[in-house]
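Enquirer: Got a structure for you, questions after.
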Amino acid sequence: GWTQRAFDKNGQYYQFDSNMPPSLPHRNNWIDYDVDTPLTAKGLSQSWNVGNVLARYNLPVTACYSSP
């Protein structure tokens, strides 16, 4: 998975792709990112745009689903 490319043997994160976030929130075990991945730059942009549209039209959020 992507974590083998993103973390060295000491658990230090490296942004190997410009779409990856520049930093990650701290976790005790970096392997946890395999099952709970961070948003990419594209995902962050898309979520920001969706939020703006929902706010502009005053649309309520009744459920939110996500998939990898």
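By order in the structure tokens, chains are A, B, ...; within a chain, residues start at 1; ligands start at 1, following the order shown.
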Write out as a CSV table (one decimal) with N, CA and C atoms, in the first residue's frame which residues come within 12 Å of Asp8 of chain A when counting only C-alpha atoms, dropping same-chain ones fewer than 6 positions away.

Expert:
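What ended up in selection07.csv:
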```
chain,number,residue,atom,x,y,z
A,2,TRP,N,0.2,2.4,0.1
A,2,TRP,CA,0.9,3.6,0.0
A,2,TRP,C,1.7,3.9,1.2
A,14,TYR,N,7.0,10.9,4.5
A,14,TYR,CA,7.5,11.6,3.4
A,14,TYR,C,6.5,11.8,2.3
A,15,GLN,N,6.2,13.0,1.9
A,15,GLN,CA,5.3,13.3,0.8
A,15,GLN,C,5.9,12.8,-0.5
A,16,PHE,N,5.5,11.7,-1.0
A,16,PHE,CA,6.2,11.1,-2.2
A,16,PHE,C,5.5,11.6,-3.5
A,30,TRP,N,1.9,4.2,12.5
A,30,TRP,CA,1.7,4.7,11.2
A,30,TRP,C,0.9,3.7,10.3
A,31,ILE,N,0.9,2.4,10.7
A,31,ILE,CA,0.2,1.4,9.9
A,31,ILE,C,-1.3,1.6,10.0
```

Enquirer: If we count only C-alpha atoms and set the cut-off at 12 Å, which residues sit around Pro22 of chain A, ignoring sequence neighbours fewer than 3 positions away in its own chain? Please answer as an mmCIF file with C-alpha atoms, in the first residue's frame.

Expert:
```cif
data_model
loop_
_atom_site.group_PDB
_atom_site.id
_atom_site.type_symbol
_atom_site.label_atom_id
_atom_site.label_comp_id
_atom_site.auth_asym_id
_atom_site.auth_seq_id
_atom_site.Cartn_x
_atom_site.Cartn_y
_atom_site.Cartn_z
ATOM 1 C CA ALA A 6 5.269 7.179 2.548
ATOM 2 C CA TYR A 13 6.323 10.458 6.801
ATOM 3 C CA TYR A 14 7.523 11.646 3.390
ATOM 4 C CA GLN A 15 5.272 13.263 0.803
ATOM 5 C CA PHE A 16 6.167 11.150 -2.249
ATOM 6 C CA ASP A 17 3.517 12.660 -4.544
ATOM 7 C CA SER A 18 2.263 16.241 -4.891
ATOM 8 C CA ASN A 19 -1.298 14.977 -4.383
ATOM 9 C CA PRO A 25 -1.711 14.131 12.121
ATOM 10 C CA PRO A 38 -5.877 10.948 4.830
ATOM 11 C CA LEU A 39 -7.510 13.174 2.238
ATOM 12 C CA THR A 40 -5.365 13.869 -0.799
ATOM 13 C CA ALA A 41 -5.022 17.421 -2.104
#
```

Enquirer: Mind checking DSSP for chain A and telling me the alpha helix (DSSP H) residues as a PDB file with N, CA and C atoms, in the first residue's frame?

Expert:
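Output saved as part-v4.pdb:
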```
ATOM      1  N   TRP A   2       0.185   2.361   0.057  1.00  0.00           N
ATOM      2  CA  TRP A   2       0.871   3.648  -0.014  1.00  0.00           C
ATOM      3  C   TRP A   2       1.742   3.920   1.209  1.00  0.00           C
ATOM      4  N   THR A   3       1.407   3.307   2.353  1.00  0.00           N
ATOM      5  CA  THR A   3       2.187   3.589   3.561  1.00  0.00           C
ATOM      6  C   THR A   3       3.624   3.093   3.448  1.00  0.00           C
ATOM      7  N   GLN A   4       3.849   2.025   2.704  1.00  0.00           N
ATOM      8  CA  GLN A   4       5.220   1.529   2.539  1.00  0.00           C
ATOM      9  C   GLN A   4       6.075   2.534   1.771  1.00  0.00           C
ATOM     10  N   ARG A   5       5.450   3.324   0.918  1.00  0.00           N
ATOM     11  CA  ARG A   5       6.179   4.357   0.180  1.00  0.00           C
ATOM     12  C   ARG A   5       6.300   5.644   0.982  1.00  0.00           C
ATOM     13  N   ALA A   6       5.340   5.893   1.868  1.00  0.00           N
ATOM     14  CA  ALA A   6       5.269   7.179   2.548  1.00  0.00           C
ATOM     15  C   ALA A   6       6.026   7.235   3.871  1.00  0.00           C
ATOM     16  N   ALA A  41      -4.777  16.024  -1.743  1.00  0.00           N
ATOM     17  CA  ALA A  41      -5.022  17.421  -2.104  1.00  0.00           C
ATOM     18  C   ALA A  41      -6.285  17.535  -2.952  1.00  0.00           C
ATOM     19  N   LYS A  42      -6.480  16.602  -3.866  1.00  0.00           N
ATOM     20  CA  LYS A  42      -7.681  16.603  -4.714  1.00  0.00           C
ATOM     21  C   LYS A  42      -8.934  16.363  -3.872  1.00  0.00           C
ATOM     22  N   GLY A  43      -8.879  15.406  -2.950  1.00  0.00           N
ATOM     23  CA  GLY A  43     -10.018  15.127  -2.082  1.00  0.00           C
ATOM     24  C   GLY A  43     -10.375  16.309  -1.198  1.00  0.00           C
ATOM     25  N   LEU A  44      -9.362  17.004  -0.698  1.00  0.00           N
ATOM     26  CA  LEU A  44      -9.602  18.186   0.132  1.00  0.00           C
ATOM     27  C   LEU A  44     -10.290  19.273  -0.684  1.00  0.00           C
ATOM     28  N   SER A  45      -9.821  19.487  -1.914  1.00  0.00           N
ATOM     29  CA  SER A  45     -10.423  20.485  -2.796  1.00  0.00           C
ATOM     30  C   SER A  45     -11.870  20.131  -3.119  1.00  0.00           C
ATOM     31  N   GLN A  46     -12.122  18.869  -3.429  1.00  0.00           N
ATOM     32  CA  GLN A  46     -13.484  18.440  -3.746  1.00  0.00           C
ATOM     33  C   GLN A  46     -14.418  18.607  -2.547  1.00  0.00           C
ATOM     34  N   SER A  47     -13.946  18.256  -1.362  1.00  0.00           N
ATOM     35  CA  SER A  47     -14.798  18.382  -0.176  1.00  0.00           C
ATOM     36  C   SER A  47     -15.084  19.851   0.140  1.00  0.00           C
ATOM     37  N   TRP A  48     -14.103  20.712  -0.074  1.00  0.00           N
ATOM     38  CA  TRP A  48     -14.285  22.153   0.135  1.00  0.00           C
ATOM     39  C   TRP A  48     -15.353  22.686  -0.828  1.00  0.00           C
ATOM     40  N   ASN A  49     -15.280  22.272  -2.089  1.00  0.00           N
ATOM     41  CA  ASN A  49     -16.257  22.725  -3.085  1.00  0.00           C
ATOM     42  C   ASN A  49     -17.666  22.242  -2.754  1.00  0.00           C
ATOM     43  N   VAL A  50     -17.806  21.000  -2.346  1.00  0.00           N
ATOM     44  CA  VAL A  50     -19.124  20.473  -1.971  1.00  0.00           C
ATOM     45  C   VAL A  50     -19.677  21.257  -0.783  1.00  0.00           C
ATOM     46  N   GLY A  51     -18.831  21.521   0.208  1.00  0.00           N
ATOM     47  CA  GLY A  51     -19.269  22.297   1.369  1.00  0.00           C
ATOM     48  C   GLY A  51     -19.737  23.688   0.995  1.00  0.00           C
ATOM     49  N   ASN A  52     -19.036  24.325   0.061  1.00  0.00           N
ATOM     50  CA  ASN A  52     -19.442  25.660  -0.387  1.00  0.00           C
ATOM     51  C   ASN A  52     -20.801  25.637  -1.077  1.00  0.00           C
ATOM     52  N   VAL A  53     -21.046  24.646  -1.917  1.00  0.00           N
ATOM     53  CA  VAL A  53     -22.343  24.535  -2.601  1.00  0.00           C
ATOM     54  C   VAL A  53     -23.454  24.277  -1.585  1.00  0.00           C
ATOM     55  N   LEU A  54     -23.217  23.379  -0.644  1.00  0.00           N
ATOM     56  CA  LEU A  54     -24.227  23.106   0.385  1.00  0.00           C
ATOM     57  C   LEU A  54     -24.553  24.368   1.174  1.00  0.00           C
ATOM     58  N   ALA A  55     -23.526  25.129   1.525  1.00  0.00           N
ATOM     59  CA  ALA A  55     -23.741  26.356   2.291  1.00  0.00           C
ATOM     60  C   ALA A  55     -24.450  27.417   1.446  1.00  0.00           C
ATOM     61  N   ARG A  56     -24.053  27.549   0.191  1.00  0.00           N
ATOM     62  CA  ARG A  56     -24.641  28.566  -0.688  1.00  0.00           C
ATOM     63  C   ARG A  56     -26.149  28.375  -0.836  1.00  0.00           C
TER      64      ARG A  56
END
```

Enquirer: Residues near Asp32 of chain A, anyone? I mean within 12 Å using only C-alpha atoms, not counting same-chain ones fewer than 3 positions away, as a PyMOL selection string.

Expert: chain A and resi 1-3+7+11+24-29+35-38

Enquirer: Take the residues just selected and output them with C-alpha atoms as a JSON list (two decimals), in the first residue's frame.

Expert:
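Below is the file that was written, out.json:
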```json
[["chain", "number", "residue", "atom", "x", "y", "z"],
["A", 1, "GLY", "CA", 0.00, 0.00, 0.00],
["A", 2, "TRP", "CA", 0.87, 3.65, -0.01],
["A", 3, "THR", "CA", 2.19, 3.59, 3.56],
["A", 7, "PHE", "CA", 6.97, 6.07, 5.78],
["A", 11, "GLY", "CA", 7.87, 5.92, 10.96],
["A", 24, "LEU", "CA", -0.18, 14.00, 8.65],
["A", 25, "PRO", "CA", -1.71, 14.13, 12.12],
["A", 26, "HIS", "CA", 0.26, 12.14, 14.67],
["A", 27, "ARG", "CA", -0.69, 8.53, 15.28],
["A", 28, "ASN", "CA", 1.08, 6.09, 17.55],
["A", 29, "ASN", "CA", 1.28, 3.49, 14.77],
["A", 35, "VAL", "CA", -7.26, 1.52, 7.17],
["A", 36, "ASP", "CA", -7.94, 5.25, 7.66],
["A", 37, "THR", "CA", -6.23, 7.15, 4.85],
["A", 38, "PRO", "CA", -5.88, 10.95, 4.83]]
```
